[in-house]
Each structure stands twice: as structure tokens, then as C-alpha cells.
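Worksheet: the structure to be examined is printed underneath.
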Amino acid sequence: MTGSLLLVAQAIFYFAIMAALFRARHAMGLGVFVCALGVMHFLETYLAAVFFIQLPFGLISPGSTVMFAGKLAMILMLYIREDAETVRQPIYGLLVGNCLMVALAAILRFYTPMALPGGAQPDLGLLDQLGALMIWGTVVLFVDSIAIILLYERLEHMFSRSMFVRAAVSLIIILTFDQLAFFAGLHAIAGTPPAALIGGWVAKMGAALVYAGLISLYIHFYERSGDGDTHPEGRTLADIFAKLTYRHRYRALLEKSGIDALTGLLDRGRFEAIAQSSVARSMTEHRPVSLAIVDVDHFKQINDRYGHVMGDDVLRQVAQALRGSVRAGDRIFRYGGEEFVVLCEGMSHATALTHAERLRAAVPAAFAGTLAIVPTVSIGVATAPGDGRDLLELVRHADFHLYEAKKNGRNRVVGNDPADRKRPTDIIN
């Protein structure tokens, strides 16, 4: 068997064992896979420093070409099938664990080892050399691991229809960086000849293609469905790669942080917290605060005619139109369904009505020439303290005015006539 075929066979064997451990994560836990991934780093570094084979295109180290490139491929696959929070654990674990190993080895320098039968002595010089390479290699691995995840995400739109190409390009770019960075340390510390730079790079490019292909095949045949992982029938391989678990976790994180996942606006929970304190502060400072409830007219007809996917897109565009028409300090919330709330501190009622009219006009303008049913909005406006001195009263008045707007034909703004209202300072005093 030639050296090249032996490297390919070793890569397939490495991937098969690691993939089997990865596949068993639902039954055995992910820790088995992560431990197996981490324990080989010392051997990788040792082989990268002292074990080379000669191939036509240069010197090759199996430790670097097969094992290190394989480790990076495993980290990428872990991210693809799990999420960023999960893959972060082995990345930081390898960084801390390898640095701890080197630190413990350095402490051994303070001991005087006893002579063993047969004259065997520890090779402390090799230990020092490997320690320096371990530190350098660990730092490079840390950078590689973060960079390949970011690059993989960056390539989503460019190569979303080909998981093999996306993984291969990510591995090729990062392994090229890795070869340059690690060889610099290898040459400085161990005096490795330049032939290993070119040969190692060529071999790693081949490893990138092999591992990208193996990842694609594994996910296609073993990760389409399974324990803890549900996919609809007919889901394509491109869909699996395009809709990563990380994005679902990101949406959950947004929901917990008070951001509406569909529109990117603040959600109702944040509204109740922010608006309550805003109204209380305005009453204390004797300043008006206005609130507008915005409702998309005939939204059910839009869903029925164009479908829910288009309905979601309409809500996103309405949110964008509102965002582009408010003042810098105003806050917009998705109140629920097709309703939004705009909170404007320091805004009088007369100004709020004019402001709401601008919001109303901005929505159909955003859809000009795109839909047969052009979305419009009805808006109810209320201002404290004229419509109440707490949030509950303010919402009630705005909601009543919204009902009046819809009853009177929709696509309009309703609020009390400013001429019929007491001045805020009169009420406060």
C-alpha cells in the first residue's frame, strides 16, 4: 500500500471510530466522544514533531495530516449537529487541559529523578520541546476551532445547497492557515525542514476533501433522523445543513432575552417592564408619554390569500416600516399576533397623533406595487396623564381608540381631539 493510500485508510478508520462515538451520544452521552477527541492531542503533537514519511510532494506527518485535521473536522461536525454552546465545551476544554498538562510537566523540572535499572532516564529535552509545541499547537487549535465555525456560518448563503462544498471550503481555508501557523512554531522549536511545509499543506488539502466527504455521507445516512432529532419527511440534505440547531437555540435565546424572533422587535414581556417604568418616570418628571397600538388591517385575509410564510414576511416588513418612521428614542414592541405598540416618551398628544399618522402612511408605502392586497394599519393613540396615570389605563384608552379606528373603516388614526383635553400640567398640578 502506498503512503497516500495508507493516509486515506487511516483517515477513514479515525473518522469511523469517532463517528460511531458521536452517533452513540444519545445513549452514552457526549462526554465519551469529547474525551476521545481530547486524549489524542499529545500524540498528534509528538508525531507532528518527530514522525514523517516521504511522499512525492514532500514530507508528511500522519499526526498532523490525519489526526489533527480529523479533530478539526470532528469539531465542525459537532457544531453542525449540535450547537455553538455544545461545541464550545471541547474547544475550551482542550485549551485548558493542554495548558494544564504542560504546566504539570514544567513542575517536574524541580525534581531530581532517580536512576532506574538499566540506566533509563527521562528525556526532559523532548519534554520541553513537546511542551512548547503543545502550547503553540493548542493556541492555533483554539483559533482554528473558532474560525472554522464562523467561516462555516459565513459560507451559508454562498454554498447553502451543497454541504460537501461548504464543509470542504471551510476546512481548506482553516487548514491552510493552520499549516502556516503551526509550521512556523515547528520550524522554530524543532527545526523541521521547509519540505514539510509544502508536503503537509498538500496532504491537508487532501484531508479536507476526504473529511468533508465523510461528514457529508455520515450526516446524510445517519443524522437525517434519530433520537432527539426530528425531521419532516422529504427534508433534503441541503435543508439539514441550512437549518442548523444553532439557529433554533439562537431563536430561543432571543425569546428569553425579550426579543421577538420573527420581527426583531422587543416583545410583550419587555413592553410591560419598560412601559411601566417609563410611565411612572414621566409622571414623576411631569412629562407626557404617548402610546400607540398599531394593528394590521385584515391580516387574516393576507394569510388566507398568500399563506402564512408571506404573512410572516408582511409582519417583518410592517415592523421595518415602523422602525424607519419613529424617533431615535422611541421604542417599538410586538404586542402579539399582528399588533405592535410604539412608546414615545416626552411626546404630547397632539404630536403623537401627527406621529401616528406618519406611521400609518409608512406601512402601505412599504408595500407599494408588491401585493394585490396592500397592507394597511389602524392605530389607537393615548397619552399620559390625559388618558391615565398608569400603564393599564393608557393601554385601555389606546385599545379603545384602536377599536374606534377599526369600526370607522380601518386604515386611520384615532385618539381624543387635543382641543377637548386638559393640559397635562393642569392634571398633574
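Starting from 1 in every chain, residues are counted up; chains themselves are A, B, ... following the order of the C-alpha cells, and ligands are numbered from 1 as listed.
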
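Near range 304-320 of chain A, within 7 Å and counting only C-alpha atoms, sit Leu262, Thr263, Glu338 and Val363 of chain A, not including residues fewer than 5 positions from it in the same chain.
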
Could the residues in this selection be saved with C-alpha atoms as a JSON list (two decimals), in the first residue's frame?
```
[["chain", "number", "residue", "atom", "x", "y", "z"],
["A", 262, "LEU", "CA", -39.91, 36.96, 13.90],
["A", 263, "THR", "CA", -39.58, 40.75, 13.71],
["A", 338, "GLU", "CA", -50.41, 41.39, 14.17],
["A", 363, "VAL", "CA", -46.89, 50.91, 6.07]]
```

Check the smallest atom-to-atom distance from each of A:Ala168, A:Ile148, A:Ile215, A:Leu127 to Leu72 in chain A using only C-alpha atoms, then report the winner. A:Ile148

I'd like the neighbourhood of Glu153 in chain A as a list in words, where a residue qualifies if any of its atoms comes within 10 Å (using only C-alpha atoms), though same-chain residues fewer than 3 positions away should be ignored. Ile80, Ala147, Ile148, Ile149, Leu150, Glu156, His157, Ser160, Arg166, Ser170, Ala242 and Leu244 of chain A

Could those residues be written to a file, using N, CA and C atoms, as a PDB file, in the first residue's frame?
```
ATOM      1  N   ILE A  80     -22.207  21.412  13.712  1.00  0.00           N
ATOM      2  CA  ILE A  80     -23.290  21.283  12.738  1.00  0.00           C
ATOM      3  C   ILE A  80     -24.481  20.538  13.336  1.00  0.00           C
ATOM      4  N   ALA A 147     -12.545  29.913  14.314  1.00  0.00           N
ATOM      5  CA  ALA A 147     -12.576  30.446  12.952  1.00  0.00           C
ATOM      6  C   ALA A 147     -13.372  29.547  12.006  1.00  0.00           C
ATOM      7  N   ILE A 148     -13.257  28.236  12.149  1.00  0.00           N
ATOM      8  CA  ILE A 148     -13.954  27.354  11.205  1.00  0.00           C
ATOM      9  C   ILE A 148     -15.462  27.421  11.407  1.00  0.00           C
ATOM     10  N   ILE A 149     -15.894  27.633  12.647  1.00  0.00           N
ATOM     11  CA  ILE A 149     -17.321  27.779  12.915  1.00  0.00           C
ATOM     12  C   ILE A 149     -17.845  29.080  12.305  1.00  0.00           C
ATOM     13  N   LEU A 150     -17.114  30.164  12.523  1.00  0.00           N
ATOM     14  CA  LEU A 150     -17.531  31.447  11.962  1.00  0.00           C
ATOM     15  C   LEU A 150     -17.518  31.410  10.429  1.00  0.00           C
ATOM     16  N   GLU A 156     -22.791  30.146   4.450  1.00  0.00           N
ATOM     17  CA  GLU A 156     -24.121  29.554   4.322  1.00  0.00           C
ATOM     18  C   GLU A 156     -24.845  30.017   3.064  1.00  0.00           C
ATOM     19  N   HIS A 157     -24.858  31.311   2.817  1.00  0.00           N
ATOM     20  CA  HIS A 157     -25.606  31.812   1.670  1.00  0.00           C
ATOM     21  C   HIS A 157     -24.920  31.462   0.342  1.00  0.00           C
ATOM     22  N   SER A 160     -25.181  27.177   0.292  1.00  0.00           N
ATOM     23  CA  SER A 160     -26.229  26.567   1.099  1.00  0.00           C
ATOM     24  C   SER A 160     -26.780  25.280   0.482  1.00  0.00           C
ATOM     25  N   ARG A 166     -19.444  23.351   1.177  1.00  0.00           N
ATOM     26  CA  ARG A 166     -19.368  24.275   2.316  1.00  0.00           C
ATOM     27  C   ARG A 166     -18.384  23.780   3.369  1.00  0.00           C
ATOM     28  N   SER A 170     -14.500  25.391   4.060  1.00  0.00           N
ATOM     29  CA  SER A 170     -14.162  25.781   5.433  1.00  0.00           C
ATOM     30  C   SER A 170     -12.883  25.087   5.893  1.00  0.00           C
ATOM     31  N   ALA A 242     -28.824  23.769   6.103  1.00  0.00           N
ATOM     32  CA  ALA A 242     -29.211  25.177   6.104  1.00  0.00           C
ATOM     33  C   ALA A 242     -29.872  25.582   7.416  1.00  0.00           C
ATOM     34  N   LEU A 244     -29.651  24.951  10.896  1.00  0.00           N
ATOM     35  CA  LEU A 244     -28.820  24.377  11.941  1.00  0.00           C
ATOM     36  C   LEU A 244     -29.488  24.488  13.302  1.00  0.00           C
TER      37      LEU A 244
END
```

What does the distance from CA of Gly380 in chain A to CA of Gly409 in chain A come to in Å, to one decimal? 13.2 Å

Extract, using only C-alpha atoms, all DNA, RNA and protein residues at most 10 Å from Pro56 in chain A, discarding same-chain residues fewer than 2 positions from it, and format them as an mmCIF file with C-alpha atoms, in the first residue's frame.
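Below is the file around17.cif, written as the result:
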```cif
data_model
loop_
_atom_site.group_PDB
_atom_site.id
_atom_site.type_symbol
_atom_site.label_atom_id
_atom_site.label_comp_id
_atom_site.auth_asym_id
_atom_site.auth_seq_id
_atom_site.Cartn_x
_atom_site.Cartn_y
_atom_site.Cartn_z
ATOM 1 C CA GLY A 3 1.872 6.166 1.600
ATOM 2 C CA SER A 4 -1.030 8.191 0.206
ATOM 3 C CA GLN A 54 8.315 10.888 2.351
ATOM 4 C CA GLY A 58 7.081 16.454 0.332
ATOM 5 C CA LEU A 59 7.357 15.333 3.944
ATOM 6 C CA ILE A 60 4.104 14.303 5.638
ATOM 7 C CA GLY A 199 4.098 18.490 1.727
#
```

Set the distance at 10 Å and use only C-alpha atoms: which residues neighbour Ala16 in chain A once local chain neighbours fewer than 6 positions away are removed? I'd like the list as JSON, numbers by chain. {"A": [10, 22, 214, 218]}

Mind the document's chain letters and residue numbers, and return as a list in words the residues of range 258-368 of chain A that DSSP labels strand (DSSP E).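 Matching residues, listed in order: Val289, Ser290, Leu291, Ala292, Ile293, Val294, Asp295, Val296, Arg331, Ile332, Phe333, Arg334, Tyr335, Gly336, Glu339, Phe340, Val341, Val342, Leu343, Cys344 and Glu345 of chain A.
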
So which one's closest to Ile146 in chain A, A:Arg287, A:Arg88, A:His187, A:Arg268? Using only C-alpha atoms, please.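 Nearest to Ile146 in chain A: A:Arg88.
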
Please report the interatomic distance between CA of Pro193 in chain A and CA of Val139 in chain A in Å with one decimal. 22.1 Å

Pick out the residues sitting within 8 Å of range 276-284 of chain A, and hand them over as a ChimeraX atom specification; count only C-alpha atoms, and ignore anything fewer than 5 positions along from it in its own chain. /A:271,289,345-346,384-385,389-391,428

Please identify all polymer residues within 10 Å of Leu37 in chain A, counting only C-alpha atoms, omitting same-chain residues fewer than 2 positions from it, and present them as a PDB file with N, CA and C atoms, in the first residue's frame.
```
ATOM      1  N   MET A  18     -14.586   7.713  15.523  1.00  0.00           N
ATOM      2  CA  MET A  18     -15.107   8.925  16.137  1.00  0.00           C
ATOM      3  C   MET A  18     -16.578   9.135  15.791  1.00  0.00           C
ATOM      4  N   LEU A  21     -18.715   6.934  17.987  1.00  0.00           N
ATOM      5  CA  LEU A  21     -18.872   7.517  19.325  1.00  0.00           C
ATOM      6  C   LEU A  21     -19.838   8.699  19.283  1.00  0.00           C
ATOM      7  N   GLY A  31     -19.954  13.067  26.469  1.00  0.00           N
ATOM      8  CA  GLY A  31     -18.643  13.074  27.120  1.00  0.00           C
ATOM      9  C   GLY A  31     -17.683  12.038  26.568  1.00  0.00           C
ATOM     10  N   VAL A  32     -18.193  10.890  26.150  1.00  0.00           N
ATOM     11  CA  VAL A  32     -17.319   9.835  25.603  1.00  0.00           C
ATOM     12  C   VAL A  32     -16.650  10.334  24.331  1.00  0.00           C
ATOM     13  N   PHE A  33     -17.432  10.939  23.454  1.00  0.00           N
ATOM     14  CA  PHE A  33     -16.897  11.482  22.212  1.00  0.00           C
ATOM     15  C   PHE A  33     -15.883  12.596  22.493  1.00  0.00           C
ATOM     16  N   VAL A  34     -16.201  13.492  23.398  1.00  0.00           N
ATOM     17  CA  VAL A  34     -15.325  14.624  23.698  1.00  0.00           C
ATOM     18  C   VAL A  34     -14.013  14.157  24.319  1.00  0.00           C
ATOM     19  N   CYS A  35     -14.081  13.183  25.235  1.00  0.00           N
ATOM     20  CA  CYS A  35     -12.849  12.650  25.861  1.00  0.00           C
ATOM     21  C   CYS A  35     -11.956  11.991  24.816  1.00  0.00           C
ATOM     22  N   VAL A  39      -7.964  13.231  24.204  1.00  0.00           N
ATOM     23  CA  VAL A  39      -6.811  12.475  24.708  1.00  0.00           C
ATOM     24  C   VAL A  39      -5.726  12.282  23.657  1.00  0.00           C
ATOM     25  N   MET A  40      -6.049  12.489  22.388  1.00  0.00           N
ATOM     26  CA  MET A  40      -5.068  12.235  21.330  1.00  0.00           C
ATOM     27  C   MET A  40      -4.192  13.440  21.006  1.00  0.00           C
ATOM     28  N   HIS A  41      -4.407  14.561  21.680  1.00  0.00           N
ATOM     29  CA  HIS A  41      -3.680  15.768  21.287  1.00  0.00           C
ATOM     30  C   HIS A  41      -2.175  15.625  21.522  1.00  0.00           C
ATOM     31  N   MET A  67      -4.686  13.079  12.091  1.00  0.00           N
ATOM     32  CA  MET A  67      -5.295  13.206  13.411  1.00  0.00           C
ATOM     33  C   MET A  67      -5.707  14.645  13.726  1.00  0.00           C
ATOM     34  N   PHE A  68      -4.827  15.611  13.450  1.00  0.00           N
ATOM     35  CA  PHE A  68      -5.195  16.992  13.765  1.00  0.00           C
ATOM     36  C   PHE A  68      -6.292  17.489  12.825  1.00  0.00           C
ATOM     37  N   GLY A  70      -8.412  15.669  11.328  1.00  0.00           N
ATOM     38  CA  GLY A  70      -9.610  14.938  11.732  1.00  0.00           C
ATOM     39  C   GLY A  70     -10.269  15.549  12.948  1.00  0.00           C
ATOM     40  N   LYS A  71      -9.455  16.009  13.905  1.00  0.00           N
ATOM     41  CA  LYS A  71     -10.016  16.645  15.098  1.00  0.00           C
ATOM     42  C   LYS A  71     -10.789  17.902  14.718  1.00  0.00           C
ATOM     43  N   LEU A  72     -10.234  18.705  13.832  1.00  0.00           N
ATOM     44  CA  LEU A  72     -10.917  19.923  13.399  1.00  0.00           C
ATOM     45  C   LEU A  72     -12.225  19.575  12.675  1.00  0.00           C
ATOM     46  N   MET A  74     -14.032  16.932  13.271  1.00  0.00           N
ATOM     47  CA  MET A  74     -14.962  16.479  14.306  1.00  0.00           C
ATOM     48  C   MET A  74     -15.596  17.665  15.040  1.00  0.00           C
ATOM     49  N   ILE A  75     -14.799  18.690  15.301  1.00  0.00           N
ATOM     50  CA  ILE A  75     -15.332  19.897  15.945  1.00  0.00           C
ATOM     51  C   ILE A  75     -16.375  20.560  15.048  1.00  0.00           C
ATOM     52  N   PRO A  90     -15.690  21.393  24.291  1.00  0.00           N
ATOM     53  CA  PRO A  90     -14.392  20.784  23.973  1.00  0.00           C
ATOM     54  C   PRO A  90     -13.346  21.804  23.529  1.00  0.00           C
ATOM     55  N   LEU A  94     -10.023  21.654  25.645  1.00  0.00           N
ATOM     56  CA  LEU A  94      -8.709  21.360  25.074  1.00  0.00           C
ATOM     57  C   LEU A  94      -7.711  22.450  25.421  1.00  0.00           C
TER      58      LEU A  94
END
```
